[in-house]
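Source file: upload03.tsv (TSV, C-alpha atoms)
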chain	number	residue	atom	x	y	z
A	1	MET	CA	-31.54	-56.92	-28.08
A	2	ALA	CA	-28.54	-56.59	-30.35
A	3	SER	CA	-29.91	-53.49	-32.03
A	4	ALA	CA	-30.33	-51.87	-28.61
A	5	GLN	CA	-26.63	-52.49	-28.01
A	6	ILE	CA	-25.82	-50.90	-31.34
A	7	ASN	CA	-27.79	-47.79	-30.45
A	8	ASP	CA	-26.00	-47.57	-27.10
A	9	ILE	CA	-22.62	-47.65	-28.77
A	10	LYS	CA	-23.74	-45.06	-31.30
A	11	ALA	CA	-24.79	-42.71	-28.49
A	12	ARG	CA	-21.47	-43.21	-26.70
A	13	ILE	CA	-19.51	-42.39	-29.85
A	14	LYS	CA	-21.56	-39.25	-30.33
A	15	SER	CA	-21.02	-38.06	-26.78
A	16	VAL	CA	-17.29	-38.78	-26.82
A	17	SER	CA	-16.82	-36.90	-30.07
A	18	GLY	CA	-18.82	-34.02	-28.61
A	19	THR	CA	-16.44	-33.87	-25.63
A	20	MET	CA	-13.49	-34.12	-27.98
A	21	GLN	CA	-14.66	-31.05	-29.85
A	22	ILE	CA	-14.58	-29.09	-26.60
A	23	THR	CA	-11.18	-30.35	-25.50
A	24	LYS	CA	-9.77	-29.65	-28.95
A	25	ALA	CA	-11.05	-26.07	-28.87
A	26	MET	CA	-9.66	-25.60	-25.36
A	27	GLU	CA	-6.30	-26.90	-26.45
A	28	LEU	CA	-6.19	-24.41	-29.31
A	29	VAL	CA	-7.15	-21.53	-27.05
A	30	ALA	CA	-4.55	-22.55	-24.45
A	31	THR	CA	-1.86	-22.82	-27.13
A	32	SER	CA	-2.48	-19.34	-28.45
A	33	LYS	CA	-2.72	-17.80	-24.98
A	34	LEU	CA	0.38	-19.60	-23.82
A	35	ARG	CA	2.62	-17.78	-26.26
A	36	TYR	CA	1.65	-14.39	-24.82
A	37	LEU	CA	1.70	-15.54	-21.20
A	38	LYS	CA	5.09	-17.15	-21.59
A	39	GLU	CA	6.50	-13.94	-23.01
A	40	ARG	CA	5.03	-11.99	-20.11
A	41	ALA	CA	6.55	-14.41	-17.59
A	42	GLU	CA	9.92	-14.16	-19.33
A	43	SER	CA	9.86	-10.38	-19.34
A	44	SER	CA	9.07	-10.18	-15.62
A	45	LYS	CA	12.19	-12.20	-14.82
A	46	PRO	CA	14.88	-9.49	-15.20
A	47	TYR	CA	12.92	-7.23	-12.83
A	48	MET	CA	12.75	-9.98	-10.24
A	49	LYS	CA	16.44	-10.74	-10.62
A	50	VAL	CA	17.56	-7.14	-10.18
A	51	LEU	CA	15.10	-6.67	-7.35
A	52	LEU	CA	16.31	-9.73	-5.45
A	53	ASP	CA	19.89	-8.75	-6.06
A	54	SER	CA	19.40	-5.24	-4.70
A	55	ILE	CA	17.32	-6.41	-1.74
A	56	GLY	CA	19.94	-9.02	-0.87
A	57	ARG	CA	22.70	-6.43	-0.89
A	58	LEU	CA	20.62	-3.97	0.99
A	59	SER	CA	19.67	-6.35	3.78
A	60	SER	CA	23.21	-7.62	4.17
A	61	SER	CA	24.50	-4.07	4.50
A	62	LEU	CA	21.96	-3.30	7.21
A	63	PRO	CA	23.21	-3.51	10.76
A	64	SER	CA	21.51	-6.59	12.23
A	65	GLY	CA	18.41	-5.94	14.27
A	66	GLU	CA	18.06	-2.60	12.54
A	67	SER	CA	14.88	-3.36	10.67
A	68	LYS	CA	11.72	-5.31	11.38
A	69	TYR	CA	11.97	-6.77	7.92
A	70	THR	CA	15.14	-8.74	8.57
A	71	GLU	CA	14.28	-9.86	12.07
A	72	VAL	CA	13.24	-13.49	12.50
A	73	ARG	CA	10.30	-13.60	14.88
A	74	LYS	CA	7.92	-16.29	16.00
A	75	GLY	CA	4.35	-16.08	14.86
A	76	LYS	CA	1.92	-16.80	12.09
A	77	THR	CA	2.74	-17.11	8.44
A	78	LEU	CA	1.00	-15.40	5.57
A	79	TYR	CA	0.59	-17.64	2.54
A	80	ILE	CA	0.00	-16.09	-0.83
A	81	VAL	CA	-1.42	-19.02	-2.78
A	82	ILE	CA	-1.66	-18.61	-6.52
A	83	ALA	CA	-3.94	-21.08	-8.31
A	84	GLY	CA	-6.05	-20.74	-11.44
A	85	ASP	CA	-9.39	-19.14	-12.20
A	86	ARG	CA	-10.75	-22.24	-13.89
A	87	GLY	CA	-10.37	-25.99	-13.75
A	88	LEU	CA	-9.67	-28.47	-16.54
A	89	ALA	CA	-5.94	-27.91	-16.23
A	90	GLY	CA	-4.85	-31.35	-15.12
A	91	GLY	CA	-3.33	-31.40	-11.65
A	92	TYR	CA	-2.45	-27.70	-11.72
A	93	ASN	CA	-4.91	-26.47	-9.10
A	94	SER	CA	-4.91	-29.50	-6.84
A	95	ASN	CA	-1.11	-29.75	-6.76
A	96	ILE	CA	-0.61	-26.17	-5.65
A	97	LEU	CA	-3.41	-26.34	-3.07
A	98	LYS	CA	-1.98	-29.58	-1.72
A	99	LEU	CA	1.44	-27.96	-1.37
A	100	ALA	CA	-0.07	-24.99	0.47
A	101	ALA	CA	-1.92	-27.31	2.85
A	102	SER	CA	1.23	-29.34	3.55
A	103	LEU	CA	3.19	-26.17	4.40
A	104	ASP	CA	0.66	-24.96	6.90
A	105	THR	CA	1.31	-27.69	9.46
A	106	GLU	CA	0.09	-25.63	12.40
A	107	GLY	CA	-3.15	-24.87	10.60
A	108	ASP	CA	-3.19	-21.25	11.77
A	109	GLY	CA	-1.84	-19.67	8.58
A	110	ILE	CA	-3.34	-16.52	7.13
A	111	TYR	CA	-4.09	-16.61	3.44
A	112	VAL	CA	-4.14	-14.41	0.40
A	113	PRO	CA	-5.80	-16.60	-2.21
A	114	VAL	CA	-5.12	-15.61	-5.81
A	115	GLY	CA	-7.41	-17.13	-8.43
A	116	LYS	CA	-10.99	-18.36	-8.04
A	117	LYS	CA	-9.96	-21.94	-7.34
A	118	ALA	CA	-7.72	-20.87	-4.46
A	119	VAL	CA	-10.44	-18.61	-3.07
A	120	ASP	CA	-12.98	-21.47	-3.14
A	121	SER	CA	-10.67	-24.03	-1.58
A	122	ILE	CA	-9.43	-21.77	1.22
A	123	ALA	CA	-12.94	-20.60	2.04
A	124	ARG	CA	-14.07	-24.24	2.16
A	125	HIS	CA	-11.35	-25.11	4.65
A	126	GLU	CA	-12.37	-22.10	6.73
A	127	LYS	CA	-8.92	-20.58	6.90
A	128	GLU	CA	-8.29	-17.02	7.91
A	129	ILE	CA	-8.28	-14.85	4.80
A	130	PHE	CA	-6.13	-11.73	4.77
A	131	SER	CA	-7.30	-10.16	1.54
A	132	LEU	CA	-9.35	-11.01	-1.51
A	133	ALA	CA	-7.86	-8.20	-3.55
A	134	LEU	CA	-6.47	-10.60	-6.13
A	135	SER	CA	-9.34	-13.08	-6.30
A	136	SER	CA	-9.05	-13.33	-10.08
A	137	VAL	CA	-5.73	-14.10	-11.77
A	138	ALA	CA	-6.87	-12.60	-15.06
A	139	ASP	CA	-7.43	-9.12	-13.57
A	140	ALA	CA	-4.34	-9.03	-11.35
A	141	GLY	CA	-2.22	-6.13	-12.59
A	142	VAL	CA	0.90	-4.47	-11.27
A	143	GLY	CA	-1.18	-1.78	-9.58
A	144	GLN	CA	-3.22	-4.23	-7.52
A	145	CYS	CA	-0.12	-6.19	-6.53
A	146	MET	CA	1.56	-3.00	-5.31
A	147	LYS	CA	-1.51	-1.96	-3.33
A	148	LEU	CA	-1.75	-5.37	-1.69
A	149	ALA	CA	1.98	-5.31	-0.97
A	150	GLU	CA	1.62	-2.09	0.97
A	151	VAL	CA	-1.02	-3.59	3.23
A	152	ILE	CA	1.07	-6.72	3.70
A	153	ALA	CA	4.16	-4.68	4.64
A	154	GLU	CA	2.13	-2.65	7.10
A	155	ASP	CA	0.66	-5.69	8.87
A	156	PHE	CA	3.99	-7.47	8.82
A	157	CYS	CA	5.51	-4.60	10.77
A	158	LEU	CA	2.62	-4.67	13.21
A	159	GLY	CA	3.31	-8.35	13.80
A	160	ARG	CA	0.02	-9.85	12.62
A	161	PHE	CA	2.21	-12.38	10.83
A	162	THR	CA	5.95	-12.79	10.95
A	163	SER	CA	6.77	-14.44	7.67
A	164	VAL	CA	5.34	-14.30	4.18
A	165	LYS	CA	5.46	-17.21	1.77
A	166	LEU	CA	4.58	-17.21	-1.91
A	167	VAL	CA	3.10	-20.51	-3.09
A	168	TYR	CA	2.96	-20.69	-6.87
A	169	THR	CA	3.68	-22.94	-9.81
A	170	ARG	CA	7.05	-22.35	-11.41
A	171	PHE	CA	7.16	-22.55	-15.17
A	172	ALA	CA	10.07	-24.92	-15.76
A	173	SER	CA	9.24	-25.75	-19.36
A	174	MET	CA	6.28	-26.24	-21.68
A	175	LEU	CA	5.83	-29.73	-20.27
A	176	THR	CA	6.86	-29.38	-16.63
A	177	GLN	CA	5.52	-26.97	-14.06
A	178	VAL	CA	6.75	-27.24	-10.51
A	179	PRO	CA	4.69	-26.18	-7.48
A	180	THR	CA	7.05	-24.03	-5.40
A	181	ALA	CA	7.02	-22.12	-2.14
A	182	VAL	CA	9.30	-19.12	-1.65
A	183	GLU	CA	9.75	-17.16	1.52
A	184	ILE	CA	9.77	-13.45	0.70
A	185	LEU	CA	9.72	-12.04	4.23
A	186	PRO	CA	11.61	-11.73	6.54
A	187	LEU	CA	14.43	-10.67	4.27
A	188	THR	CA	17.43	-12.92	4.27
A	189	ALA	CA	20.80	-11.32	3.92
A	190	ASP	CA	23.21	-12.42	1.21
A	191	SER	CA	25.26	-15.29	2.51
A	192	GLY	CA	28.49	-13.62	1.43
A	193	GLU	CA	30.54	-11.27	3.58
A	194	LYS	CA	28.88	-8.16	4.87
A	195	SER	CA	29.08	-5.56	2.17
A	196	ALA	CA	30.15	-2.04	2.95
A	197	GLU	CA	27.39	0.32	3.84
A	198	PRO	CA	26.36	2.37	0.83
A	199	LEU	CA	25.30	6.00	0.86
A	200	TYR	CA	21.66	6.40	1.65
A	201	GLU	CA	19.88	9.28	0.03
A	202	GLY	CA	17.69	10.14	2.99
A	203	ASP	CA	16.82	8.20	6.10
A	204	VAL	CA	17.65	4.46	6.05
A	205	GLU	CA	14.43	3.45	7.79
A	206	GLU	CA	12.35	5.47	5.36
A	207	ILE	CA	14.14	4.03	2.37
A	208	ILE	CA	13.63	0.47	3.57
A	209	GLU	CA	10.02	1.29	4.34
A	210	LYS	CA	9.52	2.36	0.73
A	211	ILE	CA	11.56	-0.32	-0.99
A	212	VAL	CA	10.18	-3.37	0.79
A	213	PRO	CA	6.55	-2.95	-0.39
A	214	GLN	CA	7.87	-2.58	-3.93
A	215	TYR	CA	9.82	-5.75	-3.50
A	216	ILE	CA	6.77	-7.63	-2.19
A	217	GLY	CA	4.57	-6.27	-4.97
A	218	GLY	CA	7.16	-7.10	-7.61
A	219	ALA	CA	7.55	-10.60	-6.25
A	220	ILE	CA	3.80	-11.21	-6.24
A	221	HIS	CA	3.42	-9.86	-9.75
A	222	ALA	CA	6.26	-11.96	-11.13
A	223	ALA	CA	4.87	-15.06	-9.42
A	224	ILE	CA	1.41	-14.43	-10.88
A	225	CYS	CA	2.87	-14.04	-14.36
A	226	GLU	CA	4.72	-17.29	-14.01
A	227	ALA	CA	1.75	-19.11	-12.51
A	228	ALA	CA	-0.51	-17.91	-15.33
A	229	ALA	CA	1.91	-19.32	-17.91
A	230	SER	CA	2.11	-22.58	-15.94
A	231	GLU	CA	-1.67	-22.84	-15.79
A	232	CYS	CA	-1.98	-22.41	-19.51
A	233	ALA	CA	0.75	-24.93	-20.21
A	234	ALA	CA	-0.83	-27.41	-17.80
A	235	ARG	CA	-4.20	-26.93	-19.48
A	236	ARG	CA	-2.71	-27.46	-22.90
A	237	THR	CA	-1.03	-30.69	-21.81
A	238	ALA	CA	-4.20	-31.91	-20.09
A	239	MET	CA	-6.36	-31.14	-23.11
A	240	ASN	CA	-3.86	-32.74	-25.42
A	241	SER	CA	-4.00	-36.02	-23.52
A	242	ALA	CA	-7.79	-35.75	-23.27
A	243	ASN	CA	-7.89	-35.53	-27.06
A	244	LYS	CA	-5.71	-38.58	-27.42
A	245	ASN	CA	-7.85	-40.54	-24.97
A	246	ALA	CA	-11.01	-39.51	-26.78
A	247	GLU	CA	-9.57	-40.62	-30.11
A	248	GLU	CA	-8.65	-43.98	-28.63
A	249	MET	CA	-12.09	-44.40	-27.09
A	250	ILE	CA	-13.79	-43.54	-30.36
A	251	SER	CA	-11.70	-46.06	-32.29
A	252	ASN	CA	-12.45	-48.78	-29.72
A	253	LEU	CA	-16.13	-47.96	-29.74
A	254	THR	CA	-16.24	-47.95	-33.54
A	255	LEU	CA	-14.66	-51.40	-33.49
A	256	SER	CA	-17.26	-52.79	-31.11
A	257	PHE	CA	-20.00	-51.03	-33.08
A	258	ASN	CA	-18.89	-52.79	-36.26
A	259	ARG	CA	-18.65	-56.10	-34.46
A	260	ALA	CA	-22.14	-55.75	-33.04
A	261	ARG	CA	-23.53	-54.79	-36.43
A	262	GLN	CA	-21.79	-57.77	-38.04
A	263	ALA	CA	-23.19	-60.05	-35.32
A	264	VAL	CA	-26.73	-58.84	-36.07
A	265	ILE	CA	-26.29	-59.49	-39.80
A	266	THR	CA	-24.82	-62.93	-39.18
A	267	GLN	CA	-27.66	-63.82	-36.87
A	268	GLU	CA	-30.27	-62.68	-39.37
A	269	ILE	CA	-28.69	-64.76	-42.14
A	270	THR	CA	-28.57	-67.82	-39.88
A	271	GLU	CA	-32.22	-67.34	-39.04
A	272	ILE	CA	-33.23	-67.00	-42.68
A	273	VAL	CA	-31.14	-70.00	-43.75
A	274	SER	CA	-32.46	-72.22	-40.96
A	275	GLY	CA	-36.01	-71.02	-41.73
A	276	ALA	CA	-35.59	-71.96	-45.41
A	277	GLU	CA	-34.18	-75.38	-44.45
A	278	ALA	CA	-37.17	-76.06	-42.20
A	279	LEU	CA	-39.52	-75.58	-45.15
B	280	MET	CA	36.32	5.13	-21.09
B	281	ASN	CA	33.57	6.91	-19.27
B	282	ALA	CA	30.84	4.32	-19.59
B	283	LEU	CA	28.81	3.07	-16.69
B	284	HIS	CA	26.90	-0.17	-16.57
B	285	LEU	CA	23.19	0.47	-16.35
B	286	ASP	CA	20.15	-1.77	-15.91
B	287	ILE	CA	16.66	-0.35	-16.03
B	288	VAL	CA	13.89	-2.75	-15.12
B	289	CYS	CA	10.20	-2.49	-14.36
B	290	PRO	CA	7.65	-5.28	-13.71
B	291	ASP	CA	6.76	-5.47	-17.40
B	292	GLY	CA	10.30	-6.15	-18.49
B	293	GLU	CA	13.82	-4.95	-19.00
B	294	LEU	CA	13.99	-1.55	-20.64
B	295	PHE	CA	17.69	-0.98	-20.79
B	296	ALA	CA	20.70	-3.13	-20.15
B	297	GLY	CA	24.16	-2.09	-21.17
B	298	GLU	CA	26.50	0.84	-21.15
B	299	ALA	CA	25.55	4.47	-20.94
B	300	LYS	CA	27.25	7.76	-20.23
B	301	SER	CA	25.07	8.91	-17.40
B	302	ILE	CA	21.62	8.61	-15.90
B	303	LEU	CA	19.65	11.32	-14.18
B	304	VAL	CA	16.83	10.29	-11.85
B	305	THR	CA	14.46	12.10	-9.51
B	306	THR	CA	14.89	10.79	-5.98
B	307	ASP	CA	12.87	11.76	-2.95
B	308	CYS	CA	15.64	14.20	-2.07
B	309	GLY	CA	15.84	15.74	-5.52
B	310	GLU	CA	17.40	15.03	-8.89
B	311	ILE	CA	20.73	13.26	-9.03
B	312	GLN	CA	22.90	12.43	-11.98
B	313	ILE	CA	25.00	9.31	-11.78
B	314	MET	CA	28.14	8.89	-13.81
B	315	ARG	CA	30.94	6.37	-13.86
B	316	GLY	CA	32.74	5.90	-10.57
B	317	HIS	CA	29.84	6.92	-8.36
B	318	ALA	CA	30.00	5.74	-4.77
B	319	ASP	CA	27.63	2.96	-3.69
B	320	LEU	CA	24.20	4.42	-3.23
B	321	VAL	CA	20.63	3.54	-2.40
B	322	ALA	CA	17.85	6.02	-3.06
B	323	THR	CA	14.13	5.86	-3.55
B	324	LEU	CA	12.56	7.46	-6.59
B	325	LYS	CA	9.49	9.61	-6.76
B	326	ALA	CA	7.30	10.35	-9.73
B	327	GLY	CA	9.37	12.49	-12.02
B	328	ARG	CA	11.65	12.53	-14.99
B	329	ALA	CA	14.72	10.51	-15.79
B	330	LYS	CA	17.29	11.32	-18.43
B	331	LEU	CA	19.55	8.76	-19.96
B	332	VAL	CA	22.61	9.83	-21.93
B	333	THR	CA	23.74	7.04	-24.22
B	334	LEU	CA	27.33	6.36	-25.21
B	335	SER	CA	26.85	8.23	-28.46
B	336	GLY	CA	25.73	11.29	-26.49
B	337	GLU	CA	22.05	10.97	-27.38
B	338	GLU	CA	19.67	12.08	-24.64
B	339	ARG	CA	16.51	10.14	-23.88
B	340	CYS	CA	13.95	11.44	-21.43
B	341	ALA	CA	11.58	9.19	-19.54
B	342	ALA	CA	8.80	9.43	-16.99
B	343	VAL	CA	9.24	7.33	-13.86
B	344	SER	CA	6.52	6.75	-11.30
B	345	GLY	CA	8.46	5.48	-8.31
B	346	GLY	CA	10.85	2.74	-7.42
B	347	PHE	CA	14.44	2.89	-6.34
B	348	VAL	CA	17.97	3.13	-7.67
B	349	THR	CA	21.06	1.37	-6.41
B	350	VAL	CA	24.71	1.78	-7.27
B	351	ALA	CA	26.96	-1.10	-6.33
B	352	ASP	CA	30.40	-1.97	-7.70
B	353	GLY	CA	29.96	0.55	-10.49
B	354	CYS	CA	26.68	-0.98	-11.68
B	355	VAL	CA	23.63	1.23	-11.64
B	356	LYS	CA	20.28	-0.45	-11.24
B	357	VAL	CA	17.06	1.43	-11.68
B	358	VAL	CA	14.14	-0.59	-10.36
B	359	ALA	CA	11.07	1.37	-11.38
B	360	THR	CA	7.36	0.79	-10.90
B	361	THR	CA	6.84	2.19	-14.37
B	362	PHE	CA	9.42	3.65	-16.71
B	363	GLU	CA	8.32	5.10	-20.02
B	364	PHE	CA	10.56	6.78	-22.58
B	365	SER	CA	9.12	10.05	-23.85
B	366	ASP	CA	8.19	8.61	-27.25
B	367	GLU	CA	6.12	5.85	-25.63
B	368	ILE	CA	3.94	8.06	-23.46
B	369	ASP	CA	0.29	8.37	-24.35
B	370	LEU	CA	-0.17	12.09	-23.84
B	371	GLU	CA	-3.96	12.02	-24.19
B	372	ARG	CA	-4.23	9.31	-21.55
B	373	ALA	CA	-1.94	11.22	-19.21
B	374	LYS	CA	-4.06	14.35	-19.63
B	375	ARG	CA	-7.22	12.40	-18.83
B	376	ALA	CA	-5.49	10.87	-15.80
B	377	LYS	CA	-4.50	14.36	-14.66
B	378	GLU	CA	-8.08	15.57	-14.84
B	379	ALA	CA	-9.37	12.50	-13.00
B	380	ALA	CA	-6.73	12.92	-10.30
B	381	GLU	CA	-7.59	16.60	-9.83
B	382	GLU	CA	-11.24	15.65	-9.48
B	383	LYS	CA	-10.37	13.05	-6.84
B	384	LEU	CA	-8.11	15.48	-5.03
B	385	ARG	CA	-11.02	17.87	-4.62
B	386	ALA	CA	-13.36	15.09	-3.52
B	387	ALA	CA	-10.90	13.45	-1.10
B	388	LYS	CA	-12.44	12.93	2.33
B	389	ASP	CA	-9.51	11.75	4.40
B	390	GLU	CA	-5.75	11.92	4.37
B	391	ARG	CA	-5.29	8.53	2.77
B	392	GLU	CA	-7.51	9.32	-0.20
B	393	PHE	CA	-5.77	12.66	-0.53
B	394	ALA	CA	-2.34	11.03	-0.60
B	395	ILE	CA	-3.43	8.52	-3.25
B	396	ALA	CA	-4.92	11.24	-5.44
B	397	LYS	CA	-1.84	13.40	-4.98
B	398	ALA	CA	0.45	10.57	-6.05
B	399	LYS	CA	-1.75	9.99	-9.10
B	400	LEU	CA	-1.59	13.65	-10.03
B	401	GLU	CA	2.19	13.69	-9.64
B	402	ARG	CA	2.53	10.70	-11.96
B	403	ALA	CA	0.27	12.28	-14.57
B	404	LEU	CA	2.10	15.60	-14.40
B	405	SER	CA	5.51	14.00	-14.79
B	406	ARG	CA	4.27	12.06	-17.81
B	407	ILE	CA	2.84	15.19	-19.39
B	408	SER	CA	5.95	17.24	-18.80
B	409	VAL	CA	8.26	14.53	-20.16
B	410	ALA	CA	6.07	13.86	-23.19
B	411	SER	CA	5.77	17.50	-24.11
B	412	GLY	CA	9.55	17.85	-23.75
B	413	LYS	CA	9.61	20.55	-21.11
Re-express the file's structure as structure tokens.
Amino acid sequence: MASAQINDIKARIKSVSGTMQITKAMELVATSKLRYLKERAESSKPYMKVLLDSIGRLSSSLPSGESKYTEVRKGKTLYIVIAGDRGLAGGYNSNILKLAASLDTEGDGIYVPVGKKAVDSIARHEKEIFSLALSSVADAGVGQCMKLAEVIAEDFCLGRFTSVKLVYTRFASMLTQVPTAVEILPLTADSGEKSAEPLYEGDVEEIIEKIVPQYIGGAIHAAICEAAASECAARRTAMNSANKNAEEMISNLTLSFNRARQAVITQEITEIVSGAEAL
Amino acid sequence: MNALHLDIVCPDGELFAGEAKSILVTTDCGEIQIMRGHADLVATLKAGRAKLVTLSGEERCAAVSGGFVTVADGCVKVVATTFEFSDEIDLERAKRAKEAAEEKLRAAKDEREFAIAKAKLERALSRISVASGK
């Protein structure tokens, strides 16, 4: 009876330490990847800043009603939801998917899922999918983002959807990542006074037509970079706490193992002593 | 002083931020050179060369593959899809890309494919010409 209990505990300890080996390895991998991903996210920031700045100026200098891109219309929304390719990253995937679901109150949103987890979840909820061009975060490069952006800009002008929202996880710090939603289309003019109209090299419409896809593509790319860093940081934190929990479990189990072993020894001695006394 | 404030960014990062003498870029309407005191401007870029003249008078050539340039309040911002200085260009890779693009151009079935292949060829050619210093 007691020895069966001892064997049980032994098996538990073995399985927990096996899991711990995996979580430890994953933590190390996440830590080393994080450094590179964080740098990439940092280096995509100046581009985004300049881009937003220029777009803001540009749209505020446009005469109102001039472009489809600044016009606020009623209609569907396109959600670009960026989650991870793999799980085991704490609440990373579920938080971002929850945020996306809470935004789409009407339930008629069109989706561009980025990352395998987003693809799976959106397919499961039977939502309308716009494109699967970026189904894997790891392979999403600038080129693909730009290509997708062109299709998005085209369909936006045709009115298939009338606003575009980016749903991604902002990398606030190594320990905090915030699920965020940003509206990238229609363009919102700078709140300041209307700036003077600059010189346009060529036709205004054509220029806007060319710049907006770049802006969308740039925004998607920057968001993916940031989300990838967030995913890695979330995974590292999750694995770190998994390690701590495993250590605690092992120490508790070892304690009960020793107690059980001691109990068996004590019982055997009692039996021997009482047997000797009976003689 | 004849310095202008210049920012060059592409999705991979910031390539230049600070003062320069002038910047020459290839817009859809042709090459323009921007110096201090330029009027506010918005122009789209096409695949082609760019030339940056630093404060010390040094010239640096680069291959750009699209994007746009804005001038506002004396600040020049070049927002490029890719921007490579001549010493960073992989000439062999550009040559291979040129061959591949030519192949695709011949095989193109519709207008869209043709346009994509043409844009690829233009990018490769601008890289080659910048890298070989012509």
Residues of chain A within 7 Å of chain B, using only C-alpha atoms, as a list in words?
Ser43, Ser44, Pro46, Tyr47, Leu51, Pro198, Leu199, Tyr200, Glu201, Gly202, Ile207, Ile211 and Gly218 of chain A
Coordinates-based distance that separates CA of Ala149 (chain A) from CA of Glu128 (chain A) (Å, one decimal)
17.9 Å
Shortest interatomic distance to Thr188 (chain A) - which of A:Asp53, A:Glu27, A:Asp8, A:Glu154, counting only C-alpha atoms
A:Asp53
Excluding Met20 (chain A) and its own-chain neighbours fewer than 6 positions away, which residues fall within 8 Å of it when counting only C-alpha atoms? Please give them as a short mmCIF file (atom, residue, chain, number, x, y, z; two decimals) with C-alpha atoms, in the coordinates of the input.
data_model
loop_
_atom_site.label_atom_id
_atom_site.label_comp_id
_atom_site.auth_asym_id
_atom_site.auth_seq_id
_atom_site.Cartn_x
_atom_site.Cartn_y
_atom_site.Cartn_z
CA ALA A 242 -7.79 -35.75 -23.27
CA ASN A 243 -7.89 -35.53 -27.06
CA ALA A 246 -11.01 -39.51 -26.78
CA GLU A 247 -9.57 -40.62 -30.11
#
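Distances to Glu337 (chain B) were evaluated for B:Lys374, B:Cys354, B:His317, B:Ala299 using only C-alpha atoms, and the minimum falls at B:Ala299.
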Can you list, as an MDAnalysis selection string, every protein, DNA or RNA residue that comes within 12 Å of Asn245 (chain A) when you count only C-alpha atoms, leaving out same-chain residues fewer than 3 positions away?
chainID A and resid 16:17 19:20 23:24 238:242 248:252
Quick one: residues within 9 Å of Leu331 (chain B), all atoms listed in the file, excluding same-chain residues fewer than 4 positions away - as a PyMOL selection string?
chain B and resi 299-304+337-341
Contacts of Gly75 (chain A) within 9 Å, all atoms listed in the file, excl. fewer than 4 positions in-chain, as an MDAnalysis selection string
chainID A and resid 159:163
What gap, in Å, lies between CA of Ala30 (chain A) and CA of His221 (chain A)?
21.0 Å
Between CA of Cys225 (chain A) and CA of Ala140 (chain A), what is the distance, to one decimal in Å?
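Taking CA of Cys225 (chain A) as the start and CA of Ala140 (chain A) as the end point, the length is 9.3 Å.
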Step by step, gather every atom of region 10-24 of chain A that the file lists, find the box along x, y and z that holds them, add 4 Å on each side, and finally give centre and edge lengths in Å to one decimal, as JSON.
{"center_x": -17.3, "center_y": -37.1, "center_z": -28.4, "size_x": 23.0, "size_y": 24.0, "size_z": 13.8}
Would you fill out region 313-325 of chain B with N, CA and C atoms and return it as a PDB file, keeping the file's coordinate frame?
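Below is the file result_23.pdb, written as the result:
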ATOM      1  N   ILE B 313      23.980  10.291 -12.133  1.00  0.00           N
ATOM      2  CA  ILE B 313      25.000   9.310 -11.780  1.00  0.00           C
ATOM      3  C   ILE B 313      25.903   9.073 -12.982  1.00  0.00           C
ATOM      4  N   MET B 314      27.187   9.166 -12.739  1.00  0.00           N
ATOM      5  CA  MET B 314      28.140   8.890 -13.810  1.00  0.00           C
ATOM      6  C   MET B 314      29.075   7.794 -13.347  1.00  0.00           C
ATOM      7  N   ARG B 315      29.996   7.431 -14.179  1.00  0.00           N
ATOM      8  CA  ARG B 315      30.940   6.370 -13.860  1.00  0.00           C
ATOM      9  C   ARG B 315      31.707   6.706 -12.580  1.00  0.00           C
ATOM     10  N   GLY B 316      31.929   5.692 -11.765  1.00  0.00           N
ATOM     11  CA  GLY B 316      32.740   5.900 -10.570  1.00  0.00           C
ATOM     12  C   GLY B 316      31.957   6.445  -9.390  1.00  0.00           C
ATOM     13  N   HIS B 317      30.651   6.430  -9.466  1.00  0.00           N
ATOM     14  CA  HIS B 317      29.840   6.920  -8.360  1.00  0.00           C
ATOM     15  C   HIS B 317      29.976   5.996  -7.158  1.00  0.00           C
ATOM     16  N   ALA B 318      29.931   6.564  -5.975  1.00  0.00           N
ATOM     17  CA  ALA B 318      30.000   5.740  -4.770  1.00  0.00           C
ATOM     18  C   ALA B 318      28.731   4.893  -4.665  1.00  0.00           C
ATOM     19  N   ASP B 319      28.803   3.806  -3.888  1.00  0.00           N
ATOM     20  CA  ASP B 319      27.630   2.960  -3.690  1.00  0.00           C
ATOM     21  C   ASP B 319      26.508   3.796  -3.087  1.00  0.00           C
ATOM     22  N   LEU B 320      25.315   3.552  -3.602  1.00  0.00           N
ATOM     23  CA  LEU B 320      24.200   4.420  -3.230  1.00  0.00           C
ATOM     24  C   LEU B 320      22.888   3.661  -3.247  1.00  0.00           C
ATOM     25  N   VAL B 321      22.010   4.026  -2.351  1.00  0.00           N
ATOM     26  CA  VAL B 321      20.630   3.540  -2.400  1.00  0.00           C
ATOM     27  C   VAL B 321      19.715   4.741  -2.255  1.00  0.00           C
ATOM     28  N   ALA B 322      18.771   4.905  -3.165  1.00  0.00           N
ATOM     29  CA  ALA B 322      17.850   6.020  -3.060  1.00  0.00           C
ATOM     30  C   ALA B 322      16.501   5.627  -3.625  1.00  0.00           C
ATOM     31  N   THR B 323      15.456   6.153  -3.020  1.00  0.00           N
ATOM     32  CA  THR B 323      14.130   5.860  -3.550  1.00  0.00           C
ATOM     33  C   THR B 323      13.743   6.938  -4.556  1.00  0.00           C
ATOM     34  N   LEU B 324      12.954   6.526  -5.538  1.00  0.00           N
ATOM     35  CA  LEU B 324      12.560   7.460  -6.590  1.00  0.00           C
ATOM     36  C   LEU B 324      11.145   7.942  -6.343  1.00  0.00           C
ATOM     37  N   LYS B 325      10.888   9.156  -6.791  1.00  0.00           N
ATOM     38  CA  LYS B 325       9.490   9.610  -6.760  1.00  0.00           C
ATOM     39  C   LYS B 325       9.069   9.864  -8.197  1.00  0.00           C
TER      40      LYS B 325
END
